[in-house]
Amino acid sequence: MDRSTENPDEDRVSLRSNKTPATMKEGVLLSIRKSFQRGAERSSPGGKGSKVTADSGGSVSGAMCPQSPSSPSEYRDEICCETRFTGFNLPQDQKHSKHKLFFLDFLANLLSFSPNVQQTDATWWLIGVLHPVPTLIADTQQYQWKDPNMAASADSLLKRGASIYRSLRQNAKKDKEKTCRQELLVPVSEGSSGEKKEEKEEKEEKEEEEQEEIEETYTLPQIPHTPLSVMQINKLIEMEVLEEAHLNLLALRQEFQQEQKQCGDDSSMELAKKEKDLSLLYGELRNKINGIVRDSNSLPSRNKALLVHVARIIQEEEKRAEEPGGLPGSWMEAWREAVAEGVQAKVESVHLERREQNTSWLAVHLGLLGKAIVEDLENVSRDLRWSYPPSFTVFSTYVKSYHRAVGQHLKKVEQQVTEQKDLYALLDWIIHRYRSEKIMGSLSLQADMKDESTDLQLEDNFLKQLEDKYCCKLKVKKPASDAQLCSAGDMRSMLDRVIELEYEEHWEKRETPEKEDDFLNSQFHMDIWTWVEGKVKLSGQIDAQLKQRVISSCLEELKQFPVRFESELRNHCSALKPQTLWTEYQITYINSFTSLQEHMEGYRDACPDQVTVFTQKVEWLTGSLRQGLEDQFQEDVKPYLRRMMTKKWLNIDDDFEQLYSRTKLLSEHCAVMKPPHVQTFANQLHLYTAREYFGQLMKNNYSCKNQKHEKAASKIHKQWGKLSELFENMESIHTWLYSVGDQLSDIIGQKNKTDIKNHLQPLVEHYQDFSRKHLVAVLNFRGLQRGREHRLILQRLTELKRELGSARDNSHVLFGDMQVTVNTDCLSNLPFSCLNFLPDN
């Protein structure tokens, strides 16, 4: 025996279950039939029910049970607990079939027990499976209902039942067709499986395209003549029976408006109470709607059907905004706020780890946030927007809400960011990723986003503050009081580490520097440039303005580096002087900072002022290192130069050999120094050596006698030639110094003193700072201190100087910087005319 027949109580069909419509229909019919039988038995004479009487007109009347069932499921078993139907009078001249009579009896009792039953899901399904005759709606319209509200409720309920009935038939037909198609399909290969998948995707896309938005216009259902009680309306709101609740609210509002007109200025306590009830009920309705809207995208299956009623309620209330009895404020604006609150909740629900737990906490969070945004907007585009009329612009409202909510969320997240990499990730996400194809530019959203902005709605100056914080991280360490703003200057730390590595790897261990392309070099310049270039490229990917600010910040910090480096080098390596290792260190860092300056020149177009300042600092450092080498060389050769042009020098070559060996060693060092510093260095030393070497002639330390001037001239010629070869190898540009040795040795080495005046012209022309006192000193070294020829030579010098006149070239200065020892012989300074009266010796 069928279980439902054996025990009708167990045949309570769950209208939300997954049973098929046919099974549900059969179970419900059996339950109703058994309920009618039990009701007839209880209502028969001798039964425990109320009396049943029928008038001559065939109408049924009587009293109903004092208590109504507590839930929709109990209507099924208790629907016929009383058989005295009072809902309507059937016309005597109309013949009704048995199933129509039972159905209308059932409907009348259902409406008598609970006027709000037409809103429950259970009733909709029940009417759908019990409604095989569409003409029943037309039949009910001919009945004469005692209660006008009941007639409207019955009409509305049956119309919905007809709709569900058609839906059930269409679904059953689709299921049947689907089953038939599946039986015909035979999997023949993997390719056919792929085709099935493509067909399925195409079908889903087609179904999505077939969805249409709800029409903008609508017809408001008939407002009840008599509203339900405040408690009943509130209960309907709690149960989310929104349409019925709203219709009764409108009925209550109409009553209030009518009474308000009747009372005029004299409002009664009853009217004030009704106004308060309206305000409370409308407040509850708005709160309920806001809750449904907030959760609509998180729980779409639960609230999708309700959103249709929500939209119509909002539309209706917007129309009645000026009428008394409603809530202040716009219902549409309240709807937008509810959407924004739902979006905010969605954003805040995205998982966020603590940075102590995961070093990539922010990147992970931003990735999850972008994914949640796309999925949410896809759901809005696919499902949610079809529950609203076009005027709600649902998708646009959600997009704008996300712009605001995400902007506010990032403001909170930014307060937790302390590291430069996280700041970059945040900037990149805001400026690029949010509007990219990963999120707002997603292919799945393109159709709906074509008229929408993809920019985040951020607070004023928030992006600038974020960039300031990022640039600050690149620069210097801040005091402890500013730790929250800039806890660590990444570039300052990097530069400090560069100095530490130089100390650990070279200075402390006294390691010889390495060579690169035959030049001494340290790789720290590449480390610095690579670091800066990396930051510049990353910032350039975000924004051109940020790139320029990053370059400026890096150069601002970098300009202090040469001074700090020089100080540390001096502290740790001064003790190495005058060792060769110290010289090699000086040359190494001249080369390295030169390379660093060349790297930074690439940023001149972006930040010309900062590059200029940095270049000046580097030139100061390289000049300081170069000057240290010059000072060291001068200190080394000074004792040997002082013994030039002396009696010992004329007889022994030891001092010159020492001078030559140190100059040669310096030449070898210059070979590992990069241009242009090697030329500058060689030029300075070339000029210094020439000035000091020939300057010994001016000090009157020795005078050649007994034909020794020829030996001295030969020695000067030979020694200066050897030194000139060294400076030529150093690529000195002072080529004008090469001939000075030949011209001076030519004057000194003349056998006949009368020929000296004929060899003055080349020397005077090439070295126009060569003066009378210099010639006197040279003649004194040769051994010619006075006499007629001495005077004639000086007279010839005066003539040559007069001939040059204003055509002097002051760019070549050699003798002008030489110190000349004054000759105390008074006769040597007498004019030539006075000396004619003196007798010859």
# chains A, B, ... in the order shown; residues from 1 in each chain; ligands from 1

$ residues_around --residues "Lys577 of chain A" --least-positions-apart "3" --cutoff "12 Å" --atoms "only C-alpha atoms" --output "JSON, numbers by chain"
{"A": [570, 572, 573, 574, 580, 581, 582, 583, 584, 585, 586, 628, 629, 631, 632, 633, 635, 636]}

$ write_last_selection --atoms "C-alpha atoms" --output "mmCIF file, in the first residue's frame"
data_model
loop_
_atom_site.group_PDB
_atom_site.id
_atom_site.type_symbol
_atom_site.label_atom_id
_atom_site.label_comp_id
_atom_site.auth_asym_id
_atom_site.auth_seq_id
_atom_site.Cartn_x
_atom_site.Cartn_y
_atom_site.Cartn_z
ATOM 1 C CA ARG A 570 90.884 58.586 5.152
ATOM 2 C CA HIS A 572 90.913 53.543 7.577
ATOM 3 C CA CYS A 573 93.689 53.933 4.997
ATOM 4 C CA SER A 574 95.786 56.980 5.963
ATOM 5 C CA THR A 580 101.927 51.538 -3.149
ATOM 6 C CA LEU A 581 98.662 50.029 -1.843
ATOM 7 C CA TRP A 582 97.535 53.454 -0.683
ATOM 8 C CA THR A 583 98.192 54.869 -4.153
ATOM 9 C CA GLU A 584 96.253 52.009 -5.716
ATOM 10 C CA TYR A 585 93.287 52.676 -3.435
ATOM 11 C CA GLN A 586 93.298 56.344 -4.445
ATOM 12 C CA GLY A 628 96.557 63.308 -2.378
ATOM 13 C CA LEU A 629 98.526 61.489 -5.054
ATOM 14 C CA ASP A 631 101.104 65.678 -2.634
ATOM 15 C CA GLN A 632 102.523 62.253 -2.018
ATOM 16 C CA PHE A 633 104.596 62.388 -5.209
ATOM 17 C CA GLU A 635 106.800 64.758 -0.943
ATOM 18 C CA ASP A 636 108.653 61.751 -2.345
#

$ residues_around --residues "segment 306-318 of chain A" --least-positions-apart "6" --cutoff "8 Å" --atoms "only C-alpha atoms" --output "count of residues only"
16

$ closest_residue --among "A:Leu474, A:Leu687, A:Ile587, A:Met239" --to "Arg549 of chain A" --atoms "only C-alpha atoms"
A:Leu474

$ atom_distance --atom1 "atom CA of Glu414 of chain A" --atom2 "atom CA of Val536 of chain A"
21.9 Å
